[in-house]
Each structure stands twice: as structure tokens, then as C-alpha cells.
$ cat model-v2.cif   # mmCIF, C-alpha atoms and all ligand atoms
data_entry
#
loop_
_atom_site.label_atom_id
_atom_site.label_comp_id
_atom_site.auth_asym_id
_atom_site.auth_seq_id
_atom_site.Cartn_x
_atom_site.Cartn_y
_atom_site.Cartn_z
CA ALA A 1 97.84 -83.50 28.72
CA SER A 2 97.45 -81.09 31.60
CA VAL A 3 97.13 -77.41 30.82
CA PHE A 4 100.17 -76.97 33.06
CA ALA A 5 102.25 -79.86 31.76
CA ALA A 6 104.79 -77.54 30.14
CA VAL A 7 105.23 -75.37 33.21
CA GLN A 8 108.84 -75.30 34.29
CA MET A 9 110.09 -75.11 37.81
CA ALA A 10 110.99 -71.51 38.61
CA PRO A 11 114.25 -70.85 40.46
CA ARG A 12 113.84 -70.46 44.20
CA ASP A 13 114.07 -67.03 45.73
CA PRO A 14 117.69 -67.08 46.92
CA ILE A 15 117.02 -65.39 50.26
CA LEU A 16 113.92 -67.42 51.11
CA GLY A 17 115.86 -70.55 50.11
CA LEU A 18 118.55 -69.52 52.57
CA ASN A 19 115.88 -69.23 55.27
CA GLU A 20 114.69 -72.77 54.64
CA GLN A 21 118.26 -73.98 54.90
CA PHE A 22 118.67 -72.03 58.15
CA ASN A 23 115.50 -73.48 59.65
CA ALA A 24 116.64 -77.00 58.82
CA ASP A 25 120.11 -76.51 60.37
CA PRO A 26 120.31 -78.33 63.76
CA ASN A 27 123.29 -76.16 64.91
CA PRO A 28 122.07 -74.50 68.17
CA ALA A 29 124.45 -71.56 67.65
CA LYS A 30 123.16 -70.75 64.17
CA VAL A 31 122.65 -67.08 63.25
CA ASN A 32 120.50 -65.81 60.40
CA LEU A 33 122.00 -62.71 58.78
CA GLY A 34 120.33 -63.40 55.44
CA VAL A 35 116.88 -61.90 55.44
CA GLY A 36 116.39 -58.12 55.52
CA VAL A 37 114.53 -57.86 58.79
CA TYR A 38 115.29 -55.84 61.92
CA PHE A 39 115.51 -57.90 65.12
CA ASP A 40 115.90 -56.51 68.62
CA ASP A 41 118.78 -57.36 70.95
CA ASN A 42 116.96 -60.54 71.99
CA GLY A 43 116.81 -61.66 68.39
CA LYS A 44 113.07 -61.04 68.25
CA LEU A 45 111.00 -59.20 65.68
CA PRO A 46 109.92 -56.12 67.65
CA VAL A 47 106.34 -55.03 68.17
CA LEU A 48 106.68 -51.25 68.45
CA ALA A 49 104.92 -49.86 71.52
CA CYS A 50 103.32 -47.13 69.39
CA VAL A 51 101.93 -49.81 67.07
CA ALA A 52 100.66 -51.88 70.01
CA ALA A 53 98.88 -48.79 71.38
CA ALA A 54 97.30 -47.99 68.01
CA GLU A 55 96.32 -51.63 67.63
CA LYS A 56 94.60 -51.62 71.01
CA GLN A 57 92.67 -48.49 70.07
CA LEU A 58 91.57 -49.98 66.77
CA LEU A 59 90.55 -53.32 68.25
CA GLU A 60 88.52 -51.63 70.98
CA ALA A 61 86.72 -49.51 68.40
CA SER A 62 86.01 -52.70 66.43
CA LYS A 63 85.20 -50.86 63.23
CA PRO A 64 83.26 -52.46 60.37
CA LYS A 65 85.47 -53.81 57.60
CA GLY A 66 84.10 -52.17 54.48
CA TYR A 67 86.03 -51.65 51.26
CA LEU A 68 88.53 -48.83 51.28
CA PRO A 69 88.64 -46.31 48.46
CA ILE A 70 90.84 -47.56 45.59
CA ASP A 71 93.65 -45.21 46.59
CA GLY A 72 93.40 -46.20 50.26
CA ILE A 73 92.75 -44.35 53.50
CA ALA A 74 92.82 -40.59 52.86
CA ALA A 75 94.37 -39.81 56.26
CA TYR A 76 97.04 -42.42 55.59
CA ASP A 77 97.93 -41.02 52.17
CA LYS A 78 98.14 -37.55 53.66
CA ALA A 79 100.37 -38.75 56.50
CA VAL A 80 102.67 -40.47 53.99
CA GLN A 81 102.93 -37.24 52.03
CA GLY A 82 103.86 -35.34 55.18
CA LEU A 83 106.60 -37.82 55.96
CA VAL A 84 108.03 -37.97 52.45
CA PHE A 85 107.66 -34.34 51.31
CA GLY A 86 107.41 -32.49 54.63
CA ALA A 87 104.04 -31.52 56.08
CA GLY A 88 102.87 -28.22 54.64
CA SER A 89 105.59 -28.18 51.97
CA GLU A 90 105.00 -26.12 48.86
CA VAL A 91 104.71 -29.10 46.54
CA LEU A 92 101.90 -30.52 48.71
CA GLN A 93 100.13 -27.20 49.04
CA ALA A 94 100.23 -26.84 45.27
CA GLY A 95 98.46 -30.20 44.97
CA ARG A 96 101.28 -31.61 42.86
CA VAL A 97 101.59 -35.03 44.52
CA ALA A 98 99.33 -38.02 43.86
CA THR A 99 99.73 -40.57 46.66
CA VAL A 100 98.08 -43.98 46.84
CA GLN A 101 98.26 -46.63 49.54
CA ALA A 102 100.07 -49.72 48.29
CA LEU A 103 100.86 -53.28 49.33
CA GLY A 104 104.21 -52.54 50.92
CA GLY A 105 107.05 -50.85 49.12
CA THR A 106 106.94 -53.62 46.53
CA GLY A 107 103.34 -52.75 45.75
CA GLY A 108 104.26 -49.08 45.38
CA LEU A 109 106.99 -49.99 42.90
CA LYS A 110 104.66 -52.23 40.90
CA VAL A 111 101.81 -49.72 40.69
CA GLY A 112 104.35 -47.10 39.57
CA ALA A 113 105.88 -49.49 37.04
CA ASP A 114 102.46 -50.30 35.57
CA LEU A 115 101.62 -46.60 35.26
CA LEU A 116 104.94 -45.84 33.56
CA LYS A 117 104.52 -48.77 31.18
CA LYS A 118 101.22 -47.35 29.95
CA LEU A 119 102.74 -43.90 29.49
CA ASN A 120 105.87 -44.91 27.66
CA PRO A 121 105.99 -48.61 26.74
CA ALA A 122 109.38 -48.26 25.01
CA ALA A 123 111.13 -46.69 28.02
CA ARG A 124 114.05 -48.55 29.50
CA VAL A 125 114.73 -48.99 33.19
CA LEU A 126 118.09 -48.52 34.88
CA ILE A 127 118.76 -50.01 38.30
CA SER A 128 121.94 -49.83 40.36
CA ASP A 129 124.64 -52.47 40.03
CA PRO A 130 123.98 -54.24 42.32
CA SER A 131 120.46 -53.62 43.52
CA TRP A 132 117.71 -55.21 45.57
CA GLU A 133 117.06 -58.49 43.74
CA ASN A 134 113.42 -57.73 43.14
CA HIS A 135 113.99 -54.46 41.24
CA ARG A 136 115.08 -56.23 38.08
CA ALA A 137 112.41 -58.92 38.33
CA LEU A 138 109.63 -56.47 39.10
CA PHE A 139 110.37 -54.05 36.25
CA THR A 140 111.04 -56.93 33.84
CA ASN A 141 107.69 -58.45 34.72
CA ALA A 142 106.05 -55.07 34.21
CA GLY A 143 107.31 -55.34 30.61
CA PHE A 144 110.44 -53.21 30.69
CA GLU A 145 113.92 -53.88 29.49
CA VAL A 146 116.12 -53.47 32.55
CA SER A 147 119.82 -52.58 32.59
CA THR A 148 122.13 -51.29 35.28
CA TYR A 149 124.11 -48.16 36.05
CA PRO A 150 127.49 -48.55 37.80
CA TYR A 151 127.19 -48.21 41.57
CA TYR A 152 129.27 -50.30 43.95
CA ASP A 153 133.03 -50.31 43.79
CA ALA A 154 134.42 -53.42 45.46
CA ALA A 155 137.97 -52.01 45.36
CA THR A 156 137.18 -48.93 47.45
CA ARG A 157 134.05 -50.33 49.12
CA GLY A 158 132.47 -47.11 47.93
CA ILE A 159 130.51 -45.85 44.96
CA ARG A 160 131.72 -45.61 41.36
CA PHE A 161 130.26 -42.17 41.32
CA ASP A 162 131.84 -40.80 38.14
CA ALA A 163 130.80 -43.89 36.19
CA MET A 164 127.31 -43.72 37.66
CA LEU A 165 126.94 -40.09 36.67
CA ALA A 166 128.28 -40.74 33.17
CA ALA A 167 125.78 -43.59 32.70
CA LEU A 168 122.89 -41.37 33.75
CA LYS A 169 124.02 -38.56 31.47
CA ALA A 170 124.29 -40.97 28.55
CA ALA A 171 120.85 -42.56 29.06
CA PRO A 172 118.18 -41.72 26.46
CA ALA A 173 115.50 -39.22 27.53
CA GLY A 174 112.56 -40.95 29.17
CA THR A 175 114.71 -43.65 30.78
CA ILE A 176 113.37 -44.63 34.19
CA VAL A 177 116.13 -44.60 36.77
CA VAL A 178 115.51 -46.46 40.02
CA LEU A 179 117.39 -44.85 42.90
CA HIS A 180 117.64 -45.99 46.52
CA ALA A 181 116.69 -42.90 48.52
CA CYS A 182 118.71 -44.07 51.52
CA CYS A 183 120.24 -47.20 53.07
CA HIS A 184 121.15 -48.82 49.75
CA ASN A 185 120.21 -52.50 49.61
CA PRO A 186 122.44 -54.56 49.37
CA THR A 187 125.60 -52.46 49.76
CA GLY A 188 124.84 -49.97 52.54
CA CYS A 189 126.64 -47.31 50.47
CA ASP A 190 124.69 -44.06 50.12
CA LEU A 191 125.36 -40.97 48.05
CA THR A 192 126.33 -37.78 49.88
CA PRO A 193 124.01 -34.75 49.61
CA ALA A 194 126.54 -33.15 47.22
CA GLN A 195 126.53 -36.28 45.03
CA TRP A 196 122.74 -36.29 45.05
CA THR A 197 122.83 -32.71 43.74
CA GLU A 198 124.84 -33.96 40.76
CA VAL A 199 122.51 -36.92 40.23
CA VAL A 200 119.47 -34.64 40.25
CA ALA A 201 121.17 -32.35 37.72
CA ALA A 202 122.08 -35.32 35.51
CA CYS A 203 118.48 -36.61 35.59
CA GLN A 204 117.30 -33.16 34.67
CA ALA A 205 119.81 -32.65 31.85
CA ALA A 206 119.14 -36.07 30.33
CA GLY A 207 115.35 -35.93 30.76
CA LEU A 208 115.21 -39.06 32.91
CA VAL A 209 112.31 -40.26 35.05
CA PRO A 210 113.61 -40.81 38.59
CA PHE A 211 111.88 -43.49 40.66
CA LEU A 212 113.03 -43.27 44.26
CA ASP A 213 112.68 -46.38 46.36
CA MET A 214 112.44 -45.36 50.01
CA ALA A 215 112.19 -48.59 51.98
CA TYR A 216 114.27 -47.50 54.97
CA GLN A 217 113.37 -43.91 55.83
CA GLY A 218 114.70 -43.28 59.33
CA PHE A 219 117.22 -46.13 59.34
CA GLY A 220 120.10 -44.07 57.96
CA GLU A 221 120.58 -40.69 59.61
CA GLY A 222 117.03 -39.83 60.67
CA ILE A 223 113.58 -39.33 59.19
CA ALA A 224 114.19 -35.82 57.87
CA GLU A 225 117.82 -36.47 56.89
CA ASP A 226 116.93 -39.61 54.93
CA GLY A 227 114.04 -37.78 53.28
CA ALA A 228 116.14 -34.74 52.31
CA VAL A 229 116.93 -36.22 48.90
CA ILE A 230 113.23 -35.95 48.03
CA GLY A 231 113.45 -32.20 48.68
CA GLN A 232 116.35 -32.00 46.24
CA PHE A 233 114.29 -33.64 43.50
CA VAL A 234 111.31 -31.42 44.25
CA ALA A 235 113.51 -28.31 44.05
CA SER A 236 114.70 -29.36 40.60
CA GLY A 237 111.17 -29.14 39.25
CA LEU A 238 111.42 -32.67 37.82
CA GLN A 239 108.47 -35.05 37.76
CA PHE A 240 109.32 -38.23 39.66
CA LEU A 241 107.97 -41.16 41.67
CA VAL A 242 108.61 -42.30 45.24
CA SER A 243 107.69 -45.65 46.71
CA THR A 244 107.44 -45.85 50.48
CA SER A 245 107.61 -48.91 52.70
CA PHE A 246 106.71 -49.07 56.38
CA SER A 247 107.67 -52.72 56.66
CA LYS A 248 110.87 -51.93 58.53
CA SER A 249 110.22 -48.52 60.06
CA PHE A 250 107.05 -49.76 61.80
CA SER A 251 108.06 -53.42 61.97
CA LEU A 252 104.86 -54.23 60.06
CA TYR A 253 106.30 -56.58 57.43
CA GLY A 254 103.32 -58.86 57.00
CA GLU A 255 100.68 -56.14 57.09
CA ARG A 256 101.94 -54.90 53.71
CA VAL A 257 101.90 -51.17 54.33
CA GLY A 258 103.41 -48.90 51.72
CA ALA A 259 102.59 -46.19 49.24
CA LEU A 260 103.38 -44.66 45.88
CA SER A 261 103.68 -40.92 45.42
CA VAL A 262 103.90 -39.31 41.98
CA VAL A 263 105.13 -35.73 41.76
CA CYS A 264 103.43 -33.98 38.84
CA ALA A 265 103.75 -30.61 37.11
CA ASP A 266 100.53 -29.09 38.43
CA ARG A 267 97.26 -29.81 40.21
CA ASP A 268 95.33 -30.72 37.09
CA GLU A 269 97.98 -33.20 35.96
CA THR A 270 98.00 -34.72 39.45
CA THR A 271 94.26 -35.35 39.26
CA ARG A 272 94.66 -37.11 35.92
CA VAL A 273 97.61 -39.18 37.13
CA LEU A 274 95.67 -40.20 40.24
CA SER A 275 92.78 -41.36 38.07
CA GLN A 276 95.19 -43.62 36.12
CA LEU A 277 96.79 -44.96 39.29
CA LYS A 278 93.31 -45.96 40.41
CA ILE A 279 92.79 -47.92 37.19
CA VAL A 280 96.07 -49.77 37.77
CA ILE A 281 95.02 -50.66 41.31
CA ARG A 282 91.41 -51.46 40.45
CA THR A 283 92.43 -53.94 37.76
CA ASN A 284 95.02 -55.63 39.97
CA TYR A 285 93.52 -56.02 43.43
CA SER A 286 90.67 -53.50 43.50
CA ASN A 287 91.54 -51.77 46.74
CA PRO A 288 94.07 -52.12 49.56
CA PRO A 289 93.68 -53.81 52.97
CA THR A 290 92.59 -51.78 55.98
CA PHE A 291 94.44 -52.78 59.10
CA GLY A 292 98.12 -51.92 58.64
CA ALA A 293 97.46 -48.53 57.07
CA GLN A 294 95.03 -47.72 59.88
CA LEU A 295 97.77 -48.49 62.39
CA VAL A 296 100.29 -46.29 60.60
CA ALA A 297 97.81 -43.46 60.07
CA THR A 298 96.83 -43.58 63.75
CA VAL A 299 100.45 -43.44 64.89
CA LEU A 300 101.46 -40.69 62.47
CA THR A 301 98.46 -38.46 63.26
CA THR A 302 98.36 -38.88 67.06
CA PRO A 303 101.07 -36.57 68.44
CA ALA A 304 101.97 -38.75 71.45
CA LEU A 305 102.18 -41.92 69.35
CA ARG A 306 104.09 -40.13 66.64
CA ALA A 307 106.67 -38.96 69.17
CA GLN A 308 106.89 -42.49 70.52
CA TRP A 309 107.41 -43.87 67.00
CA GLU A 310 110.21 -41.43 66.28
CA GLU A 311 111.88 -42.51 69.49
CA GLU A 312 111.47 -46.21 68.74
CA LEU A 313 112.72 -45.75 65.19
CA ALA A 314 115.75 -43.88 66.54
CA GLY A 315 116.27 -46.81 68.90
CA MET A 316 116.42 -49.23 65.99
CA ARG A 317 118.73 -46.95 64.03
CA LEU A 318 121.10 -46.51 66.99
CA ARG A 319 121.13 -50.21 67.82
CA ILE A 320 122.21 -50.98 64.26
CA ARG A 321 124.95 -48.35 64.53
CA ALA A 322 126.13 -49.83 67.82
CA MET A 323 126.27 -53.27 66.18
CA ARG A 324 128.34 -51.86 63.33
CA ALA A 325 130.81 -50.31 65.77
CA ALA A 326 130.96 -53.50 67.83
CA LEU A 327 131.51 -55.62 64.72
CA VAL A 328 134.48 -53.47 63.67
CA GLU A 329 135.97 -53.75 67.14
CA LYS A 330 135.43 -57.50 67.41
CA LEU A 331 136.69 -58.27 63.92
CA ALA A 332 139.85 -56.30 64.63
CA ALA A 333 140.26 -58.08 67.99
CA ALA A 334 139.81 -61.43 66.24
CA GLY A 335 142.68 -60.53 63.93
CA VAL A 336 140.93 -59.43 60.75
CA PRO A 337 143.48 -57.12 59.11
CA GLY A 338 142.92 -53.91 57.19
CA ASP A 339 140.68 -50.89 57.40
CA LEU A 340 137.26 -51.95 58.65
CA SER A 341 135.78 -48.45 58.82
CA TYR A 342 133.61 -49.19 55.79
CA ILE A 343 131.34 -51.14 58.13
CA THR A 344 130.48 -48.05 60.16
CA ARG A 345 130.31 -45.85 57.06
CA GLN A 346 127.61 -48.05 55.52
CA LYS A 347 124.00 -47.05 56.22
CA GLY A 348 120.90 -49.01 57.05
CA MET A 349 120.34 -52.68 57.71
CA PHE A 350 122.94 -54.18 55.40
CA SER A 351 126.64 -54.50 55.04
CA TYR A 352 128.46 -55.71 52.00
CA SER A 353 131.14 -57.65 53.83
CA GLY A 354 133.35 -58.17 50.81
CA LEU A 355 133.40 -61.92 51.54
CA SER A 356 133.27 -64.25 48.54
CA ALA A 357 130.51 -66.77 47.83
CA GLU A 358 132.90 -69.48 48.94
CA GLN A 359 133.58 -67.73 52.25
CA MET A 360 129.84 -67.21 52.77
CA GLN A 361 129.30 -70.94 52.21
CA ARG A 362 131.99 -71.77 54.76
CA LEU A 363 130.33 -69.44 57.25
CA ARG A 364 127.15 -71.48 56.84
CA SER A 365 128.53 -74.99 56.82
CA GLU A 366 131.26 -74.57 59.45
CA PHE A 367 129.78 -71.93 61.76
CA GLY A 368 126.02 -71.82 61.14
CA VAL A 369 126.29 -68.12 60.16
CA TYR A 370 123.89 -67.50 57.27
CA GLY A 371 124.40 -64.57 54.92
CA VAL A 372 123.76 -64.06 51.21
CA ASP A 373 126.35 -65.43 48.75
CA SER A 374 126.92 -61.88 47.48
CA GLY A 375 128.55 -61.22 50.85
CA ARG A 376 125.61 -59.21 52.12
CA ILE A 377 124.94 -59.56 55.82
CA CYS A 378 122.05 -58.05 57.76
CA VAL A 379 123.62 -56.00 60.55
CA ALA A 380 120.14 -55.53 62.04
CA ALA A 381 120.14 -59.23 62.95
CA LEU A 382 123.31 -58.95 65.04
CA ASN A 383 122.87 -58.68 68.80
CA SER A 384 124.91 -58.71 71.98
CA LYS A 385 124.54 -62.50 72.21
CA ASN A 386 125.51 -63.54 68.69
CA ILE A 387 128.03 -60.90 67.64
CA ASP A 388 131.07 -62.55 69.22
CA ALA A 389 130.40 -65.81 67.42
CA VAL A 390 129.77 -64.00 64.14
CA ALA A 391 132.98 -61.95 64.40
CA LYS A 392 135.02 -65.06 65.23
CA ALA A 393 133.46 -66.99 62.35
CA ILE A 394 134.19 -64.18 59.89
CA ALA A 395 137.76 -63.98 61.17
CA GLN A 396 138.15 -67.74 60.62
CA VAL A 397 137.16 -67.55 56.96
CA SER A 398 138.93 -64.23 56.24
N1 LIG B 401 112.85 -51.84 48.16
C1 LIG B 401 113.94 -52.22 48.81
C2 LIG B 401 115.25 -51.60 48.46
C3 LIG B 401 113.85 -53.18 49.82
O1 LIG B 401 114.94 -53.57 50.46
C4 LIG B 401 112.60 -53.73 50.14
C5 LIG B 401 112.41 -54.74 51.22
N2 LIG B 401 113.33 -55.72 51.33
C6 LIG B 401 111.48 -53.29 49.43
C7 LIG B 401 111.64 -52.35 48.45
C8 LIG B 401 110.12 -53.86 49.65
O2 LIG B 401 109.53 -53.57 50.82
P1 LIG B 401 108.15 -54.23 51.25
O3 LIG B 401 108.48 -55.43 52.05
O4 LIG B 401 107.47 -53.16 52.01
O5 LIG B 401 107.40 -54.58 50.01
#
$ encode --input "model-v2.cif" --output "C-alpha cells"
Amino acid sequence: ASVFAAVQMAPRDPILGLNEQFNADPNPAKVNLGVGVYFDDNGKLPVLACVAAAEKQLLEASKPKGYLPIDGIAAYDKAVQGLVFGAGSEVLQAGRVATVQALGGTGGLKVGADLLKKLNPAARVLISDPSWENHRALFTNAGFEVSTYPYYDAATRGIRFDAMLAALKAAPAGTIVVLHACCHNPTGCDLTPAQWTEVVAACQAAGLVPFLDMAYQGFGEGIAEDGAVIGQFVASGLQFLVSTSFSKSFSLYGERVGALSVVCADRDETTRVLSQLKIVIRTNYSNPPTFGAQLVATVLTTPALRAQWEEELAGMRLRIRAMRAALVEKLAAAGVPGDLSYITRQKGMFSYSGLSAEQMQRLRSEFGVYGVDSGRICVAALNSKNIDAVAKAIAQVS
């Protein structure tokens, strides 16, 4: 018999499956609100002008393609640190942060998970209920037992904050708690700064290991505003991890540009942690790819390009906000009753619409509007051409 005869068919990724279904749909008016990707008002994946400029520079220089260091491009890692912790911040000056380039935000999470597994194999992982689909799978595959802490409250379309806090306080010391730094995926519901203060205190009191997933810095309120939560964790004196993704904020999805930062107690500990991160990377894929991180490092360290990036990122953020406001208006005009302000309160690319799986299926089959069965729609895929049809379709199934 074949070595692989007993291999079972794995379930399809639900969102990629949705994409295949979308591509096969002959409906000319179809709209894809499933995948978590930012599209411009023409429904196109943007190429940021700052990225195009950096790309031109790099192509003209036509650099040799040697191996990178295991932890990636030094200038890139430094630029990531500046963005996440604030350039020149005390924690960076004290040499307390180990940062490595990673294969997207997913890669940052996996390198961090592998490090944590070596340190404390019996630790449990808590993710939000609900969370990005891959959190559970990724930490489970890294060998952890994964459970959830309460998060979304369908009744109020808000956060079950008291229950969340109670769950964190009750978790055994050493528990790894995965937190969405901003723009919670899939709900769009973020904690307030005051709530974050309580979460930080709970993590501290219970001796938890916070792992902040920052996949959307700049898509919520702004680069600094979205990063402020990191400052709160630093101020607490806790050790913690942060994964960074530039997939969305630079529209560099396929280049796989991300990072992992580990905040340690002191410089010596940081050096030791970095050496272990390098082992994790070395034994998985040896060293990261060059191109995407070069683009990001070039943009972040060239003042004119950096300013351009901040402007373009603000443009994406504001376009999403405008789509949220327009959706509220158009849903109300189409006769959807009730308070729709939750749509504009939500942050980032996603909205939990509150629609049932059955309603989401009707949206697909009757109107060619594709969202996730959980009711999650990608607001960043709405545009001035498709929003009327989407609002009408939602009104029809509501
Ligand atoms: N974390 C969250 C919450 C995400 O939504 C995503 C992207 N969908 C990621 C991590 C992974 O990002 P990347 O594509 O850079 O691996």
C-alpha cells in the first residue's frame, strides 16, 4: 500500500473555499466580501505609491540575492521596533526587545508559539471567542491546548468585558493569552484604552504571558493610536510578545512581510531569547526572504517615502470609515430597522453584521454577495460601485 494510503482529506479552508465559489459564480454583479483584503474604490488591490517607489529603487540597484541573517534585515527589524514600540523609546534603548523578521504576521505568531512551547510545554493558550480562524489551528499545531476567553457579545454587539476579565484573572499563571492589538478580526470590536488598562493589570496579577497580534496597525485610529496598547504593556513591566504584519498596511500580502518582537526583562535575557528565536527559524526555513522586507525597510527609513506611506495608510483607513458610514446610511434607507451605529463603531477591515449563516447563504445564492457564514463581512471590499447593491441585498435578507 502507499505510504499515504491512510491520509484523510483535510477540511477546506472556509474562506479560501468561499473564494473558489465566488470565482465560479457567473453572476456579473457578484461582490466578494469574504477574504480579508483591502481593495481600493475601483475594487483593485492597491499598489502603494511609496512601495512602487521603493521597488523602483531596489530594482535599479539590482542587488545580489545572498542569504539574509537568520533574524532578517537589521534595518528592517529596527524599523519594526520603532513602529511598534516608538523610535527611541526606553524599552528599545535598554535593549529589552528581540525582534526577528518573519513570514508575515502568521510567521511571527508561529515563531513565537514555537519559542513558548520550548519554554513551557504545559502552558495553555487562550484566544478570544471568536478569533481569527488560524489562531486556534496555529497554536494547536504548535502543540498547545487552546481554549477561549469570552469576547464578543452578540446581544449588545459589543464586548463581554467583565466575563473576559474574569476569565483572564482565573487563568493559571503561565497561560499564554492571544490579544488582538487593534481591529479585532472577525468582530471589529476593540477594547477602549481604559479596558486595556484593566486587561494589562489582570495579565500582571495572574502571571499570564500576553501575545499581541498586531495585523492591522494603522487601520483603526492611526499608527500611534493603534500601537498605544503596546506602550501600556511595556509600562506594566510584563514580558510579552508582539507579532506584526505588513500584509495590509503596505498591501504586500504575497511578499510575506512580518515580524516577531519579544519584550524581555533585560539586555542579557534579550540576547539569550534572540539566540533561541534564531534556532526556531533556522530549523524551520533557515532565513527569511529578501524582497518584501527590503521594500518596507526602505519606505520606513526614507523620510519622504515614510511620509507618503503614512498618508496612503490614512487614505485606506479613511476610505474604510467612509464605507462604514455609507453602509449605515444605505441600510437605513433600504429599510433595515434598528440601531446600525455598531457598524461605524467597529474598527478595521471587518464588520460582524449579525446576519445568520442562513442569511449569509441567501446573500450568496440570491444576490452574489459573498461573506463568511459567521456573518463577517469585509468592509474594505466595499466601494462606491458595489455598496448600493450590497445594502439592498442585506436589506432583502434582513
Ligand atoms: N492575525 C490576524 C488577526 C489576521 O487577521 C491576519 C491576516 N488575515 C494575520 C494575523 C496574518 O497576517 P499575514 O497574512 O501577514 O500572515
$ closest_residue --input "model-v2.cif" --among "A:Val263, A:Ile320, A:Leu58, A:Met349" --to "ligand LIG 401 (chain B)" --atoms "all atoms listed in the file"
A:Met349
$ atom_distance --input "model-v2.cif" --atom1 "CA of Ala173 (chain A)" --atom2 "CA of Arg124 (chain A)"
9.6 Å
$ closest_residue --input "model-v2.cif" --among "A:Val273, A:Leu109, A:Ile230, A:Ala142" --to "ligand LIG 401 (chain B)" --atoms "only C-alpha atoms and all ligand atoms"
A:Leu109
$ residues_near_ligand --input "model-v2.cif" --ligand "ligand LIG 401 (chain B)" --cutoff "7 Å" --atoms "all atoms listed in the file" --output "ChimeraX atom specification"
/A:36,103-107,132,180,184-185,213-215,245-247,253,256-258
$ atom_distance --input "model-v2.cif" --atom1 "CA of Tyr152 (chain A)" --atom2 "CA of Leu179 (chain A)"
13.1 Å
$ atom_distance --input "model-v2.cif" --atom1 "CA of Val234 (chain A)" --atom2 "CA of Glu312 (chain A)"
28.6 Å
$ residues_around --input "model-v2.cif" --residues "region 195-210 of chain A" --least-positions-apart "2" --cutoff "8 Å" --atoms "only C-alpha atoms" --output "MDAnalysis selection string"
chainID A and resid 161 165 168:179 191:193 212 229 232:233 236 238:241
$ write_last_selection --input "model-v2.cif" --atoms "C-alpha atoms" --output "compact mmCIF listing (two decimals), in the coordinates of the input"
# COMPACT_ATOMS: atom_id res chain seq x y z
CA PHE A 161 130.26 -42.17 41.32
CA LEU A 165 126.94 -40.09 36.67
CA LEU A 168 122.89 -41.37 33.75
CA LYS A 169 124.02 -38.56 31.47
CA ALA A 170 124.29 -40.97 28.55
CA ALA A 171 120.85 -42.56 29.06
CA PRO A 172 118.18 -41.72 26.46
CA ALA A 173 115.50 -39.22 27.53
CA GLY A 174 112.56 -40.95 29.17
CA THR A 175 114.71 -43.65 30.78
CA ILE A 176 113.37 -44.63 34.19
CA VAL A 177 116.13 -44.60 36.77
CA VAL A 178 115.51 -46.46 40.02
CA LEU A 179 117.39 -44.85 42.90
CA LEU A 191 125.36 -40.97 48.05
CA THR A 192 126.33 -37.78 49.88
CA PRO A 193 124.01 -34.75 49.61
CA LEU A 212 113.03 -43.27 44.26
CA VAL A 229 116.93 -36.22 48.90
CA GLN A 232 116.35 -32.00 46.24
CA PHE A 233 114.29 -33.64 43.50
CA SER A 236 114.70 -29.36 40.60
CA LEU A 238 111.42 -32.67 37.82
CA GLN A 239 108.47 -35.05 37.76
CA PHE A 240 109.32 -38.23 39.66
CA LEU A 241 107.97 -41.16 41.67
$ closest_residue --input "model-v2.cif" --among "A:Gln8, A:Asn383, A:Phe350, A:Ala74" --to "Gly371 (chain A)" --atoms "all atoms listed in the file"
A:Phe350
$ closest_residue --input "model-v2.cif" --among "A:Gly112, A:Gly17, A:Gly72, A:Pro26" --to "Ser243 (chain A)" --atoms "all atoms listed in the file"
A:Gly112
$ decode --input "model-v2.cif" --residues "region 99-125 of chain A" --atoms "C-alpha atoms" --output "mmCIF file, in the first residue's frame"
data_model
loop_
_atom_site.group_PDB
_atom_site.id
_atom_site.type_symbol
_atom_site.label_atom_id
_atom_site.label_comp_id
_atom_site.auth_asym_id
_atom_site.auth_seq_id
_atom_site.Cartn_x
_atom_site.Cartn_y
_atom_site.Cartn_z
ATOM 1 C CA THR A 99 12.846 41.402 17.009
ATOM 2 C CA VAL A 100 13.104 38.979 14.101
ATOM 3 C CA GLN A 101 11.792 39.274 10.563
ATOM 4 C CA ALA A 102 9.058 36.726 9.917
ATOM 5 C CA LEU A 103 6.949 35.333 7.089
ATOM 6 C CA GLY A 104 4.013 37.665 7.546
ATOM 7 C CA GLY A 105 2.109 38.033 10.780
ATOM 8 C CA THR A 106 1.364 34.311 10.653
ATOM 9 C CA GLY A 107 5.080 33.567 10.640
ATOM 10 C CA GLY A 108 5.596 35.862 13.618
ATOM 11 C CA LEU A 109 2.895 34.020 15.545
ATOM 12 C CA LYS A 110 4.361 30.624 14.680
ATOM 13 C CA VAL A 111 7.943 31.522 15.608
ATOM 14 C CA GLY A 112 6.624 32.918 18.899
ATOM 15 C CA ALA A 113 4.490 29.832 19.501
ATOM 16 C CA ASP A 114 7.461 27.527 18.892
ATOM 17 C CA LEU A 115 9.620 29.528 21.305
ATOM 18 C CA LEU A 116 6.929 29.453 24.000
ATOM 19 C CA LYS A 117 6.396 25.725 23.537
ATOM 20 C CA LYS A 118 10.060 25.070 24.280
ATOM 21 C CA LEU A 119 9.952 27.286 27.366
ATOM 22 C CA ASN A 120 6.794 25.934 28.908
ATOM 23 C CA PRO A 121 5.385 22.880 27.109
ATOM 24 C CA ALA A 122 2.480 22.543 29.571
ATOM 25 C CA ALA A 123 1.242 26.117 29.121
ATOM 26 C CA ARG A 124 -2.252 26.596 27.786
ATOM 27 C CA VAL A 125 -3.280 29.151 25.204
#
